[in-house]
$ cat entry_17.tsv   # TSV, C-alpha atoms and all ligand atoms
chain	number	residue	atom	x	y	z
A	122	MET	CA	0.00	0.00	0.00
A	123	HIS	CA	1.36	3.43	-0.96
A	124	ASN	CA	1.67	5.85	1.96
A	125	PRO	CA	0.36	9.22	0.63
A	126	ASP	CA	2.95	11.09	2.75
A	127	SER	CA	5.81	9.27	1.06
A	128	ILE	CA	7.04	11.06	-2.07
A	129	ILE	CA	10.08	8.95	-2.83
A	130	SER	CA	10.60	5.43	-1.55
A	131	THR	CA	13.04	2.69	-2.45
A	132	ARG	CA	12.95	-1.07	-2.11
A	133	ASP	CA	16.18	-3.07	-1.95
A	134	LEU	CA	17.87	-0.46	-4.13
A	135	GLU	CA	21.41	-1.03	-5.33
A	136	ILE	CA	23.27	1.98	-6.76
A	137	GLY	CA	26.52	2.22	-8.66
A	138	PHE	CA	28.01	1.97	-12.12
A	139	PRO	CA	27.56	-0.93	-14.55
A	140	ALA	CA	30.49	-2.54	-16.36
A	141	ARG	CA	31.43	-0.61	-19.50
A	142	GLY	CA	33.85	-2.31	-21.83
A	143	ARG	CA	37.54	-2.11	-21.11
A	144	ARG	CA	37.32	1.18	-19.18
A	145	ARG	CA	35.17	-0.36	-16.43
A	146	PRO	CA	35.39	-4.14	-16.85
A	147	SER	CA	33.22	-4.97	-13.81
A	148	THR	CA	30.20	-3.41	-12.12
A	149	THR	CA	30.94	-0.94	-9.27
A	150	THR	CA	28.39	-1.20	-6.49
A	151	VAL	CA	28.38	1.97	-4.35
A	152	ALA	CA	25.59	1.04	-1.90
A	153	ARG	CA	23.05	-1.75	-1.69
A	154	HIS	CA	19.91	-2.88	0.18
A	155	ILE	CA	18.70	0.71	0.41
A	156	ASP	CA	15.18	0.94	1.85
A	157	VAL	CA	14.43	4.60	2.46
A	158	SER	CA	11.40	6.82	2.29
A	159	LEU	CA	11.25	10.61	1.88
A	160	HIS	CA	8.12	12.08	3.44
A	161	ARG	CA	6.16	15.27	2.92
A	162	GLY	CA	7.01	18.01	5.39
A	163	ALA	CA	10.41	16.58	6.36
A	164	VAL	CA	13.97	17.81	5.93
A	165	VAL	CA	16.36	14.89	5.54
A	166	CYS	CA	20.13	15.28	5.51
A	167	LEU	CA	22.16	12.71	3.65
A	168	LEU	CA	25.57	12.27	5.25
A	169	GLY	CA	28.56	10.06	4.64
A	170	PRO	CA	32.33	10.20	4.18
A	171	ASN	CA	33.88	11.29	0.87
A	172	GLY	CA	33.12	8.80	-1.89
A	173	SER	CA	30.43	6.96	0.12
A	174	GLY	CA	27.79	7.52	-2.58
A	175	LYS	CA	25.75	10.61	-1.65
A	176	SER	CA	25.79	12.14	-5.14
A	177	THR	CA	25.16	8.76	-6.77
A	178	LEU	CA	22.13	8.20	-4.52
A	179	ILE	CA	20.69	11.67	-5.19
A	180	ARG	CA	21.16	11.29	-8.95
A	181	THR	CA	19.62	7.82	-8.88
A	182	LEU	CA	16.59	8.97	-6.85
A	183	ALA	CA	16.13	11.84	-9.29
A	184	GLY	CA	15.95	9.43	-12.21
A	185	LEU	CA	19.19	10.81	-13.72
A	186	HIS	CA	21.18	7.63	-13.16
A	187	ALA	CA	19.89	4.08	-13.56
A	188	PRO	CA	19.84	1.88	-10.45
A	189	LEU	CA	21.78	-1.38	-10.63
A	190	SER	CA	18.79	-3.19	-9.12
A	191	GLY	CA	15.77	-2.66	-6.86
A	192	ALA	CA	12.91	-0.20	-7.15
A	193	ILE	CA	12.30	3.53	-6.76
A	194	HIS	CA	8.76	4.86	-6.44
A	195	LEU	CA	7.82	8.49	-6.93
A	196	SER	CA	4.44	9.25	-5.35
A	197	GLY	CA	3.59	5.57	-5.64
A	198	GLU	CA	4.61	5.15	-9.32
A	199	GLU	CA	7.70	3.25	-10.40
A	200	ILE	CA	10.04	6.04	-11.55
A	201	GLY	CA	11.09	4.20	-14.73
A	202	ARG	CA	7.51	4.39	-16.02
A	203	LEU	CA	7.27	8.18	-15.69
A	204	SER	CA	8.19	10.68	-18.41
A	205	ILE	CA	10.80	13.37	-17.72
A	206	ARG	CA	8.02	15.95	-17.61
A	207	GLU	CA	6.05	13.92	-15.05
A	208	ILE	CA	9.15	13.49	-12.88
A	209	SER	CA	10.04	17.17	-13.12
A	210	ARG	CA	6.62	18.21	-11.85
A	211	GLU	CA	7.15	16.11	-8.72
A	212	LEU	CA	10.85	16.47	-8.13
A	213	SER	CA	13.43	19.25	-8.58
A	214	THR	CA	17.19	18.93	-8.15
A	215	VAL	CA	20.11	21.18	-7.30
A	216	LEU	CA	23.26	19.36	-8.35
A	217	THR	CA	26.94	20.22	-8.22
A	218	ASP	CA	27.49	20.30	-12.01
A	219	ARG	CA	28.99	23.57	-13.23
A	220	LEU	CA	26.97	25.80	-15.53
A	221	THR	CA	28.30	25.84	-19.06
A	222	ILE	CA	25.67	27.88	-20.86
A	223	GLY	CA	26.23	31.60	-21.17
A	224	ASN	CA	24.24	34.47	-22.65
A	225	LEU	CA	21.51	33.73	-20.16
A	226	SER	CA	20.39	36.03	-17.38
A	227	VAL	CA	19.79	34.92	-13.81
A	228	TYR	CA	16.09	35.69	-14.29
A	229	GLU	CA	15.93	33.48	-17.40
A	230	LEU	CA	17.67	30.62	-15.62
A	231	VAL	CA	15.29	30.78	-12.65
A	232	ALA	CA	12.37	30.92	-15.11
A	233	PHE	CA	13.65	27.60	-16.57
A	234	GLY	CA	12.18	26.13	-13.40
A	235	ARG	CA	8.76	26.65	-14.99
A	236	LEU	CA	9.60	24.51	-18.07
A	237	PRO	CA	7.67	21.44	-16.84
A	238	TYR	CA	4.53	23.61	-16.95
A	239	THR	CA	5.17	25.84	-19.98
A	240	GLY	CA	7.21	23.58	-22.32
A	241	TRP	CA	10.17	24.97	-24.32
A	242	PHE	CA	8.07	27.20	-26.53
A	243	GLY	CA	5.43	28.29	-24.02
A	244	SER	CA	5.56	31.67	-22.31
A	245	LEU	CA	5.19	32.41	-18.63
A	246	ASP	CA	1.67	33.25	-17.51
A	247	ARG	CA	0.94	35.30	-14.43
A	248	LYS	CA	1.13	32.33	-12.07
A	249	ASP	CA	4.52	31.32	-13.52
A	250	GLU	CA	5.82	34.87	-13.10
A	251	GLU	CA	4.62	34.95	-9.51
A	252	LYS	CA	6.42	31.68	-8.75
A	253	VAL	CA	9.64	32.99	-10.33
A	254	ALA	CA	9.37	36.28	-8.39
A	255	TRP	CA	8.77	34.38	-5.16
A	256	ALA	CA	11.77	32.08	-5.77
A	257	ILE	CA	13.99	35.11	-6.47
A	258	GLU	CA	12.83	36.93	-3.37
A	259	SER	CA	13.06	33.88	-1.08
A	260	THR	CA	16.66	33.21	-2.03
A	261	GLY	CA	17.66	36.89	-1.85
A	262	ILE	CA	19.05	37.18	-5.39
A	263	GLU	CA	17.05	40.25	-6.52
A	264	SER	CA	20.15	42.45	-6.82
A	265	PHE	CA	21.66	40.45	-9.70
A	266	VAL	CA	18.73	39.03	-11.66
A	267	ASP	CA	19.90	40.73	-14.87
A	268	ARG	CA	23.46	39.42	-14.70
A	269	ASP	CA	24.78	36.73	-17.05
A	270	VAL	CA	24.86	33.39	-15.22
A	271	LEU	CA	28.50	32.90	-16.19
A	272	HIS	CA	29.42	36.04	-14.23
A	273	LEU	CA	28.39	34.82	-10.80
A	274	SER	CA	30.45	33.88	-7.78
A	275	ASP	CA	30.16	30.24	-6.59
A	276	GLY	CA	27.86	31.25	-3.72
A	277	GLU	CA	25.65	33.43	-5.97
A	278	ARG	CA	25.36	30.59	-8.50
A	279	GLN	CA	24.38	28.19	-5.76
A	280	LYS	CA	21.55	30.48	-4.63
A	281	VAL	CA	20.39	30.90	-8.24
A	282	MET	CA	20.23	27.12	-8.72
A	283	ILE	CA	18.20	26.81	-5.52
A	284	ALA	CA	15.87	29.57	-6.80
A	285	ARG	CA	15.39	27.63	-10.05
A	286	ALA	CA	14.40	24.52	-8.08
A	287	LEU	CA	11.97	26.57	-5.95
A	288	ALA	CA	10.38	28.06	-9.07
A	289	GLN	CA	9.75	24.51	-10.25
A	290	ASP	CA	7.42	24.15	-7.24
A	291	THR	CA	7.67	20.37	-6.82
A	292	SER	CA	6.62	18.05	-3.98
A	293	ALA	CA	10.26	17.07	-3.36
A	294	ILE	CA	13.53	18.96	-3.69
A	295	LEU	CA	16.82	17.02	-3.82
A	296	LEU	CA	19.96	19.07	-3.27
A	297	ASP	CA	23.56	17.87	-3.52
A	298	GLU	CA	25.75	19.93	-1.18
A	299	PRO	CA	23.63	23.10	-1.53
A	300	THR	CA	25.55	25.02	1.12
A	301	ALA	CA	29.09	24.14	-0.01
A	302	HIS	CA	29.95	27.62	-1.30
A	303	LEU	CA	27.86	29.72	1.03
A	304	ASP	CA	29.11	31.87	3.89
A	305	LEU	CA	27.62	31.28	7.34
A	306	PRO	CA	24.73	33.82	7.16
A	307	ASN	CA	23.72	32.54	3.69
A	308	ARG	CA	24.00	28.92	4.84
A	309	VAL	CA	21.71	29.62	7.76
A	310	ALA	CA	19.29	31.54	5.51
A	311	ILE	CA	19.08	28.69	2.97
A	312	ILE	CA	18.60	26.03	5.63
A	313	ARG	CA	15.91	28.13	7.31
A	314	LEU	CA	14.22	28.59	3.95
A	315	LEU	CA	14.28	24.84	3.22
A	316	ARG	CA	12.91	24.07	6.68
A	317	ARG	CA	10.16	26.66	6.25
A	318	LEU	CA	9.24	25.21	2.85
A	319	ALA	CA	9.11	21.68	4.22
A	320	HIS	CA	7.02	22.57	7.22
A	321	ASP	CA	4.74	25.27	5.80
A	322	THR	CA	4.12	23.83	2.33
A	323	ARG	CA	4.64	20.12	3.12
A	324	LYS	CA	7.42	19.68	0.61
A	325	ALA	CA	10.00	16.95	1.14
A	326	VAL	CA	13.61	18.13	1.20
A	327	LEU	CA	16.63	15.86	0.87
A	328	LEU	CA	20.05	17.48	1.00
A	329	SER	CA	23.52	16.04	1.13
A	330	THR	CA	26.12	17.86	3.14
A	331	HIS	CA	29.49	17.51	4.83
A	332	GLU	CA	28.43	19.90	7.57
A	333	LEU	CA	27.68	17.45	10.33
A	334	ASP	CA	26.90	20.08	12.91
A	335	LEU	CA	24.39	21.80	10.66
A	336	ALA	CA	22.78	18.47	9.74
A	337	LEU	CA	22.43	17.45	13.39
A	338	LYS	CA	20.65	20.73	14.12
A	339	ALA	CA	18.52	21.11	10.99
A	340	ALA	CA	17.43	17.63	9.91
A	341	ASP	CA	14.21	15.93	10.98
A	342	SER	CA	15.87	12.73	9.87
A	343	LEU	CA	19.32	11.58	8.73
A	344	TRP	CA	20.28	9.08	6.07
A	345	LEU	CA	23.81	7.91	6.80
A	346	ILE	CA	25.91	6.05	4.22
A	347	ASP	CA	28.94	4.31	5.66
A	348	ARG	CA	32.15	3.25	3.92
A	349	GLN	CA	30.72	-0.23	3.29
A	350	GLY	CA	27.76	1.19	1.36
A	351	ARG	CA	25.13	0.59	4.06
A	352	VAL	CA	22.42	3.19	4.55
A	353	VAL	CA	21.00	3.74	8.04
A	354	THR	CA	18.18	6.18	8.77
A	355	GLY	CA	16.77	7.75	11.91
A	356	THR	CA	16.35	10.97	13.85
A	357	PRO	CA	19.71	12.70	14.50
A	358	GLU	CA	19.47	12.29	18.26
A	359	ASP	CA	18.74	8.53	18.09
A	360	LEU	CA	21.65	7.97	15.72
A	361	VAL	CA	23.99	9.91	18.01
A	362	LEU	CA	22.82	8.24	21.20
A	363	ASP	CA	23.03	4.69	19.80
A	364	GLY	CA	26.56	5.31	18.45
A	365	THR	CA	25.68	4.89	14.72
A	366	PHE	CA	26.56	8.48	13.82
A	367	GLU	CA	30.00	8.21	15.41
A	368	ALA	CA	30.66	4.82	13.81
A	369	VAL	CA	30.00	6.15	10.29
A	370	PHE	CA	32.57	8.94	10.63
A	371	ALA	CA	34.99	7.36	13.07
A	372	GLN	CA	38.58	7.40	11.95
A	373	ASP	CA	41.82	7.06	13.84
A	374	SER	CA	42.35	9.93	16.28
A	375	PHE	CA	39.06	11.57	15.38
A	376	ASP	CA	36.18	11.03	17.71
A	377	PHE	CA	32.76	12.43	18.40
A	378	ASP	CA	31.89	13.98	21.73
A	379	ARG	CA	28.28	13.14	22.51
A	380	ALA	CA	28.23	15.64	25.37
A	381	THR	CA	28.80	18.60	23.02
A	382	GLY	CA	27.57	17.14	19.70
A	383	SER	CA	30.83	17.92	17.93
A	384	PHE	CA	34.00	16.19	16.80
A	385	ARG	CA	37.10	16.52	18.92
A	386	LEU	CA	39.96	18.15	17.07
A	387	HIS	CA	42.55	17.77	19.77
A	388	GLU	CA	44.25	14.83	21.42
A	389	PRO	CA	44.34	15.46	25.17
A	390	SER	CA	47.75	15.02	26.77
A	391	LYS	CA	47.34	17.03	29.99
A	392	GLY	CA	44.90	17.19	32.88
A	393	PRO	CA	42.31	16.09	33.76
A	394	ILE	CA	40.71	19.33	34.92
A	395	CYS	CA	37.32	19.50	36.56
A	396	LEU	CA	35.53	22.49	35.03
A	397	HIS	CA	32.30	23.83	36.46
A	398	GLY	CA	30.38	27.06	37.05
A	399	ALA	CA	28.44	29.45	34.80
A	400	ALA	CA	27.28	27.54	31.68
A	401	GLU	CA	28.26	30.11	29.04
A	402	GLY	CA	31.67	30.64	30.59
A	403	VAL	CA	32.19	26.87	30.95
A	404	PHE	CA	31.37	26.30	27.26
A	405	TRP	CA	34.04	28.71	25.96
A	406	THR	CA	36.60	27.84	28.63
A	407	ARG	CA	36.27	24.16	27.73
A	408	ARG	CA	37.16	24.96	24.13
A	409	ALA	CA	40.30	26.81	25.14
A	410	LEU	CA	41.36	24.09	27.57
A	411	GLU	CA	40.83	21.31	25.00
A	412	ARG	CA	42.72	23.30	22.37
A	413	SER	CA	45.58	23.58	24.85
A	414	GLY	CA	45.62	19.79	25.29
A	415	TYR	CA	43.72	19.35	28.57
A	416	ARG	CA	41.24	16.59	29.20
A	417	VAL	CA	38.21	18.33	30.66
A	418	SER	CA	35.72	16.56	32.89
A	419	GLU	CA	32.79	17.58	34.99
A	420	SER	CA	33.41	14.98	37.69
A	421	ASP	CA	34.86	16.05	40.98
A	422	GLY	CA	37.62	13.50	41.51
A	423	THR	CA	40.48	15.51	40.04
A	424	ALA	CA	43.27	17.39	41.78
A	425	LEU	CA	42.85	20.41	39.54
A	426	ARG	CA	39.54	22.30	39.56
A	427	VAL	CA	38.46	25.43	37.72
A	428	LYS	CA	35.27	27.26	38.60
A	429	VAL	CA	33.93	29.91	36.19
A	430	GLN	CA	32.18	32.67	38.13
A	431	PRO	CA	30.12	35.48	36.61
A	432	THR	CA	31.22	38.99	37.68
A	433	ALA	CA	29.94	42.50	36.98
A	434	GLU	CA	32.49	42.82	34.13
A	435	GLY	CA	32.16	39.32	32.68
A	436	PHE	CA	33.75	36.23	34.20
A	437	ARG	CA	36.42	35.19	36.69
A	438	TRP	CA	38.23	31.83	36.85
A	439	ASP	CA	39.00	30.32	40.27
A	440	ILE	CA	41.64	27.59	40.24
A	441	SER	CA	41.98	25.11	43.09
A	442	CYS	CA	45.05	22.91	42.99
A	443	GLU	CA	45.33	20.76	46.10
A	444	GLU	CA	45.67	23.36	48.92
A	445	GLU	CA	46.42	26.33	46.66
A	446	HIS	CA	43.97	28.81	45.12
A	447	TYR	CA	44.40	31.33	42.30
A	448	THR	CA	42.10	33.71	40.48
A	449	CYS	CA	42.38	34.65	36.79
A	450	ASP	CA	40.51	37.41	34.97
A	451	SER	CA	40.67	36.06	31.39
A	452	VAL	CA	40.89	32.74	29.54
A	453	ARG	CA	44.39	33.67	28.39
A	454	ASP	CA	45.43	34.31	32.00
A	455	LEU	CA	43.92	30.94	33.00
A	456	ILE	CA	45.83	29.01	30.30
A	457	ASN	CA	49.10	30.74	31.30
A	458	LYS	CA	48.56	29.97	34.98
A	459	LEU	CA	47.73	26.30	34.29
A	460	GLY	CA	50.86	26.05	32.14
A	461	LYS	CA	52.97	27.29	35.07
A	462	LEU	CA	51.25	24.87	37.48
A	463	GLU	CA	51.92	21.97	35.07
A	464	SER	CA	55.61	22.75	34.93
B	1	LIG	N1	31.35	7.37	-13.38
B	1	LIG	C1	31.79	6.60	-12.39
B	1	LIG	N2	32.24	5.36	-12.61
B	1	LIG	C2	32.68	4.55	-11.61
B	1	LIG	N3	32.71	4.93	-10.32
B	1	LIG	C3	32.30	6.18	-10.03
B	1	LIG	C4	31.82	7.09	-11.05
B	1	LIG	N4	31.47	8.26	-10.44
B	1	LIG	C5	31.72	8.09	-9.12
B	1	LIG	N5	32.22	6.86	-8.88
B	1	LIG	C6	32.58	6.29	-7.57
B	1	LIG	O1	31.41	6.07	-6.82
B	1	LIG	C7	31.67	6.32	-5.44
B	1	LIG	C8	30.63	7.26	-4.89
B	1	LIG	O2	30.81	8.53	-5.47
B	1	LIG	P1	29.89	9.77	-5.08
B	1	LIG	O3	30.33	10.93	-5.90
B	1	LIG	O4	28.47	9.34	-5.15
B	1	LIG	O5	30.29	9.95	-3.53
B	1	LIG	P2	29.95	11.17	-2.55
B	1	LIG	O6	29.54	10.55	-1.26
B	1	LIG	O7	29.00	12.13	-3.19
B	1	LIG	O8	31.40	11.80	-2.42
B	1	LIG	P3	31.86	13.26	-1.93
B	1	LIG	O9	31.47	13.40	-0.50
B	1	LIG	O10	33.36	13.17	-2.08
B	1	LIG	O11	31.23	14.28	-2.83
B	1	LIG	C9	33.10	6.84	-5.34
B	1	LIG	O12	33.94	5.80	-4.94
B	1	LIG	C10	33.41	7.26	-6.75
B	1	LIG	O13	34.79	7.12	-7.03
$ encode --input "entry_17.tsv" --output "structure tokens" --more "lines below"
Ligand SMILES: Nc1ncnc2c1ncn2[C@@H]1O[C@H](COP(=O)(O)OP(=O)(O)OP(=O)(O)O)[C@@H](O)[C@H]1O
Amino acid sequence: MHNPDSIISTRDLEIGFPARGRRRPSTTTVARHIDVSLHRGAVVCLLGPNGSGKSTLIRTLAGLHAPLSGAIHLSGEEIGRLSIREISRELSTVLTDRLTIGNLSVYELVAFGRLPYTGWFGSLDRKDEEKVAWAIESTGIESFVDRDVLHLSDGERQKVMIARALAQDTSAILLDEPTAHLDLPNRVAIIRLLRRLAHDTRKAVLLSTHELDLALKAADSLWLIDRQGRVVTGTPEDLVLDGTFEAVFAQDSFDFDRATGSFRLHEPSKGPICLHGAAEGVFWTRRALERSGYRVSESDGTALRVKVQPTAEGFRWDISCEEEHYTCDSVRDLINKLGKLES
């Protein structure tokens, strides 16, 4: 039975590249046994290490790349039975391919999003123009709509391609690394926009990204592809708490800290230090201590303790080391003092 909330679903899907003569003498399987479902109103982030198959999966789900085996259904219909026009009314894509056509304005490119409704020779009616105007405004690209698409920065081009997909007004939007070239404010704006679209207009959004932190915060659900080509799905918090998230990205000397939801950059070689006190001050002090090589804990059984205390001017750091006590008035001062105590 087809679930009306499911826009794209797969059954025992195998993705990859078939054998092709002498250049590729045997079939390359990228991932197999994929059973996933993309639902209306949800933002799903597709994550996995480099080369794990994110782009291949997105292209396969979009009908741009043939599956090796298994089935893909788009709104209940087997995708292979649908025409390109039928697919493009249900599903829009933002891929990483570079633009090669010139002599085309940003406005014209965004208006291409209306092709599934107008055809190549049709003109935009009022509804089409409204959709294009809305897509341009939502992505904040009004200031360069007349520019040639070949004269855009990477970040501008990325927003234009997202605008084109929005103008297409489909039930599902699949985006391959849509935030790769965007600065932080633009990244946040695009993610907020995609979340708003999913939740207000019940669209389904699937985006691949390498920004694990952003995905953990923004996704209703994650699809994780590991190095062995297995796909695991779930809510971000469940996948973190049961260790799956960490296992997919684990590499030597690179581990995930469940307490902070981020990857540790630094190998601790000093400490431990018990850090406690005002939450905001503790958060930033912990970063500085870890960067300086300390193992930081919240448990009491350590000889060295640092308490972060709020003051009228900001914060103060009280160090207790066995019977001795010191006070520091900045993080830099604290790190210097700890260095002297260590030596
Ligand atoms: N045309 C091709 N023929 C054979 N193998 C390919 C082809 N294109 C990609 N691959 C391989 O398929 C695997 C998956 O590639 P894909 O680009 O889907 O990974 P990805 O997760 O998107 O990677 P990244 O995070 O680096 O962008 C890689 O090992 C890649 O080398």
$ residues_near_point --input "entry_17.tsv" --point "(19.7, -4.1, 0.2)" --cutoff "7 Å" --atoms "only C-alpha atoms" --output "ChimeraX atom specification"
/A:133-135,153-156
$ axis_aligned_box --input "entry_17.tsv" --around "ligand LIG 1 (chain B)" --padding-each-side "6 Å" --output "AutoDock Vina command-line options"
--center_x 31.6 --center_y 9.4 --center_z -6.9 --size_x 18.3 --size_y 21.7 --size_z 24.9
$ residues_around --input "entry_17.tsv" --residues "Val452 in chain A" --least-positions-apart "3" --cutoff "7 Å" --atoms "all atoms listed in the file" --output "list of chain:residue names"
A:Thr406, A:Leu455, A:Ile456
$ write_last_selection --input "entry_17.tsv" --atoms "C-alpha atoms" --output "compact mmCIF listing (two decimals), keeping the file's coordinate frame"
# COMPACT_ATOMS: atom_id res chain seq x y z
CA THR A 406 36.60 27.84 28.63
CA LEU A 455 43.92 30.94 33.00
CA ILE A 456 45.83 29.01 30.30
$ residues_near_ligand --input "entry_17.tsv" --ligand "ligand LIG 1 (chain B)" --cutoff "10 Å" --atoms "all atoms listed in the file" --output "ChimeraX atom specification"
/A:136-141,144-145,147-152,167-181,217,297-298,329-331,346-348,350
$ closest_residue --input "entry_17.tsv" --among "A:Leu386, A:Gly422, A:His302, A:Leu343" --to "Thr365 in chain A" --atoms "all atoms listed in the file"
A:Leu343
